[in-house]
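Trainee: Next up is a structure, given as structure tokens.
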Amino acid sequence: MDINAKRVLVTGTAGFIGYHLSLRLLKEGLYVTGIDNMNPYYDVSLKEARLAQLLPYGKFAFVKADISEKEDLEKVFENKEFDVVVNLAAQAGVRYSLKNPHAYIDSNIVGFTNILECCRHNGVKHLVFASSSSVYGANTKMPFSVHDNVDHPVSLYAATKKANELMAHSYSHLFGLPCTGLRFFTVYGPWGRPDMALFLFTEAILEGRPIKVFNHGKMTRDFTYIDDIIEGVVRIMEKVPEPDPGWSGKKPDPGTSYAKYRIYNIGNNSPVELTEFIEAIEETLGKEAKKKFLDLQPGDVVSTYADVDDLMRDVGFKPQTPLETGIKRFVTWYLEYYGKKIR
């Protein structure tokens, strides 16, 4: 990365992925401005602790702001010039979207519109934004490819992420704004979100409480370690999309475009059964989990599996951290952060 030229805006900087990306960029000597609204979707003290790791860096500036507030976001852009914007701010979580749909519209639709407008009017050279494996919805053809149609989401969260992809394409077409969407697959690792399975399972097993095993364990996920996600994002930041000369409206390819627009999967390309995932946590903790088997929850999909051929071809990288390694690193962080011991 050309560290002399880059001024980067990271939205959702106190979030799981936003924190790790900001830290990586700061360690490489880039100027990073981070935005976060510090919302209480989960424990704010965890967000504050992540932020505390970033604040000592002289090239880091933090702005408490909500991307859904147009005027606040415009002020951030007025005060700084950004080469690259990485939008990681979003209302996350599939299940929560069943309870509080308006939070997803405010952040993921209104907020993303504001991001697009600010990038358009302020000469941003590349907008990289988080999409999700959730967009594959009812698709069952495996592995999931960016070249497949994704018009059947099964949650509002997924629908908002698909909408982000469409909105970004329209801005790329209309205004020449280079946009790259990244479909993340089940990200896990240290400093992770407390509503994710690894966090919930580790906490419950240590406390001797039963874990909820949905779809009776008959699920697979393409668990992707956080460092691999960040490596993918950093490489994509440098890969400003160009029009695909082979794109045809007669047979439109969803993954590329005649515009400066691309979509990539970032996943481990190695799906794991939920039961195997639980066993890896049990082995790391040296404790057996009490299990409560439940039906599939509304909005959930049975399997995810990323085709990462495009990522490999264009930036020469594919995630490859073994699940056992990633889980051990998470557990080590968890025990230290919360001051817990395995009994």
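Labels used: A, B, ... for chains in the order of the structure tokens, numbers from 1 for residues in each chain, and numbers from 1 for ligands as shown.
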Could you give me, as JSON lines, every stretch 176-287 of chain A residue with an atom at most 12 Å from stretch 335-339 of chain A, plus its closest atom pair and distance in Å to one decimal, counting only C-alpha atoms, rows ordered by chain then number?
Mentor:
{"residue": "A:Pro190", "atom": "CA", "partner": "A:Tyr337", "partner_atom": "CA", "distance": 9.6}
{"residue": "A:Trp191", "atom": "CA", "partner": "A:Tyr337", "partner_atom": "CA", "distance": 8.9}
{"residue": "A:Gly192", "atom": "CA", "partner": "A:Tyr337", "partner_atom": "CA", "distance": 11.6}
{"residue": "A:Phe199", "atom": "CA", "partner": "A:Leu335", "partner_atom": "CA", "distance": 11.2}
{"residue": "A:Thr202", "atom": "CA", "partner": "A:Leu335", "partner_atom": "CA", "distance": 9.7}
{"residue": "A:Glu203", "atom": "CA", "partner": "A:Leu335", "partner_atom": "CA", "distance": 9.7}
{"residue": "A:Leu206", "atom": "CA", "partner": "A:Leu335", "partner_atom": "CA", "distance": 9.9}
{"residue": "A:Thr284", "atom": "CA", "partner": "A:Leu335", "partner_atom": "CA", "distance": 11.8}
{"residue": "A:Leu285", "atom": "CA", "partner": "A:Leu335", "partner_atom": "CA", "distance": 10.2}
Trainee: Which value, in Å to one decimal, gives the distance between atom CA of A:Lys27 and atom CA of A:Pro322?
Mentor: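 Answer for the atom CA of A:Lys27 to atom CA of A:Pro322 separation: 24.6 Å.
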Trainee: Write out as a list in words all residues of stretch 236-327 of chain A that backbone DSSP assigns to strand (DSSP E or B).
Mentor: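 So, restricting stretch 236-327 of chain A to strand (DSSP E or B), we get Tyr261, Arg262, Ile263, Tyr264, Asn265, Ile266, Val272, Glu273, Lys291, Lys292, Phe293, Leu294, Ser303 and Ala306 of chain A.
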Trainee: Output C-alpha atoms for every residue in that selection, as a PDB file, in the first residue's frame.
Mentor:
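To be explicit, this is the file written out as again-v2.pdb:
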ATOM      1  CA  TYR A 261     -17.814  -1.579  -9.922  1.00  0.00           C
ATOM      2  CA  ARG A 262     -16.938  -5.010  -8.509  1.00  0.00           C
ATOM      3  CA  ILE A 263     -18.216  -7.495  -5.964  1.00  0.00           C
ATOM      4  CA  TYR A 264     -15.990 -10.000  -4.136  1.00  0.00           C
ATOM      5  CA  ASN A 265     -16.534 -12.777  -1.621  1.00  0.00           C
ATOM      6  CA  ILE A 266     -14.137 -12.901   1.315  1.00  0.00           C
ATOM      7  CA  VAL A 272     -17.576 -26.296   8.671  1.00  0.00           C
ATOM      8  CA  GLU A 273     -20.452 -28.174  10.297  1.00  0.00           C
ATOM      9  CA  LYS A 291     -26.579 -28.423  24.211  1.00  0.00           C
ATOM     10  CA  LYS A 292     -30.153 -27.320  23.627  1.00  0.00           C
ATOM     11  CA  PHE A 293     -31.203 -28.358  20.125  1.00  0.00           C
ATOM     12  CA  LEU A 294     -33.634 -26.016  18.393  1.00  0.00           C
ATOM     13  CA  SER A 303     -25.242 -23.281   4.657  1.00  0.00           C
ATOM     14  CA  ALA A 306     -17.621 -18.809  -0.526  1.00  0.00           C
TER      15      ALA A 306
END
Trainee: Which residue gives the smallest distance to A:Gly267 among A:Ser134, A:Gln320, A:Asn139, A:Gln91, with only C-alpha atoms counted?
Mentor: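 Going through A:Ser134, A:Gln320, A:Asn139, A:Gln91 one by one, the smallest distance to A:Gly267 is for A:Gln320.
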Trainee: Which is closest to A:Glu242 among A:Asn87, A:Gln297, A:Thr325, A:Ser172, if we use only C-alpha atoms?
Mentor: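 With only C-alpha atoms as the atom set, the closest residue is A:Ser172.
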Trainee: Show me a table, sorted first by chain and then by increasing residue number, of the residues of stretch 94-174 of chain A having an atom at most 10 Å from stretch 68-84 of chain A, each with its shortest atom pair and the distance in Å to one decimal, counting only C-alpha atoms and written as JSON lines.
Mentor:
{"residue": "A:Ile105", "atom": "CA", "partner": "A:Ser68", "partner_atom": "CA", "distance": 9.3}
{"residue": "A:Asp106", "atom": "CA", "partner": "A:Ser68", "partner_atom": "CA", "distance": 5.9}
{"residue": "A:Ser107", "atom": "CA", "partner": "A:Ser68", "partner_atom": "CA", "distance": 5.6}
{"residue": "A:Asn108", "atom": "CA", "partner": "A:Ser68", "partner_atom": "CA", "distance": 8.3}
{"residue": "A:Ile109", "atom": "CA", "partner": "A:Ser68", "partner_atom": "CA", "distance": 8.4}
{"residue": "A:Val110", "atom": "CA", "partner": "A:Ser68", "partner_atom": "CA", "distance": 5.5}
{"residue": "A:Gly111", "atom": "CA", "partner": "A:Ser68", "partner_atom": "CA", "distance": 3.8}
{"residue": "A:Phe112", "atom": "CA", "partner": "A:Ser68", "partner_atom": "CA", "distance": 7.6}
{"residue": "A:Thr113", "atom": "CA", "partner": "A:Ser68", "partner_atom": "CA", "distance": 8.3}
{"residue": "A:Asn114", "atom": "CA", "partner": "A:Lys70", "partner_atom": "CA", "distance": 5.9}
{"residue": "A:Ile115", "atom": "CA", "partner": "A:Leu73", "partner_atom": "CA", "distance": 7.8}
{"residue": "A:Glu117", "atom": "CA", "partner": "A:Glu74", "partner_atom": "CA", "distance": 9.0}
{"residue": "A:Cys118", "atom": "CA", "partner": "A:Glu74", "partner_atom": "CA", "distance": 6.4}
{"residue": "A:Cys119", "atom": "CA", "partner": "A:Phe77", "partner_atom": "CA", "distance": 8.4}
{"residue": "A:His121", "atom": "CA", "partner": "A:Phe77", "partner_atom": "CA", "distance": 9.3}
{"residue": "A:Asn122", "atom": "CA", "partner": "A:Phe77", "partner_atom": "CA", "distance": 7.1}
{"residue": "A:Gly123", "atom": "CA", "partner": "A:Asp83", "partner_atom": "CA", "distance": 7.9}
{"residue": "A:Val124", "atom": "CA", "partner": "A:Asp83", "partner_atom": "CA", "distance": 5.3}
{"residue": "A:Lys125", "atom": "CA", "partner": "A:Asp83", "partner_atom": "CA", "distance": 5.3}
{"residue": "A:His126", "atom": "CA", "partner": "A:Val84", "partner_atom": "CA", "distance": 5.0}
{"residue": "A:Leu127", "atom": "CA", "partner": "A:Val84", "partner_atom": "CA", "distance": 6.0}
{"residue": "A:Val128", "atom": "CA", "partner": "A:Val84", "partner_atom": "CA", "distance": 7.5}
Trainee: Could you jot down the atom CA of A:Leu274 to atom CA of A:Gly15 separation for me, Å, one decimal place?
Mentor: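 Computed distance, atom CA of A:Leu274 to atom CA of A:Gly15, equals 24.8 Å.
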Trainee: Which of these, A:Tyr136, A:Tyr41, A:Tyr19, A:Tyr258, has the shortest distance to A:Tyr96 once you count only C-alpha atoms?
Mentor: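 Answer, going by the shortest atom-to-atom distance: A:Tyr41.
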Trainee: Given the choices A:Arg221, A:His102, A:Lys47, A:Lys6, which gets closest to A:Ser270 if the distance is worked out from only C-alpha atoms?
Mentor: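 Of the candidates, the smallest distance to A:Ser270 is held by A:Arg221.
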Trainee: With only C-alpha atoms as the atoms that count, which of A:Thr224, A:Ser155, A:Ser170, A:Thr180 lies nearest to A:Pro298?
Mentor: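 The closest residue to A:Pro298 is A:Ser155.
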Trainee: Please indicate the distance in Å from atom CA of A:Phe214 to atom CA of A:Glu279, rounded to one decimal place.
Mentor: 15.2 Å
Trainee: Taking into account only C-alpha atoms, which residue in the set A:Asp307, A:Asp314, A:Glu238, A:Glu165 is nearest to A:Asp148?
Mentor: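 Comparing A:Asp307, A:Asp314, A:Glu238, A:Glu165 against A:Asp148, the winner is A:Asp307.
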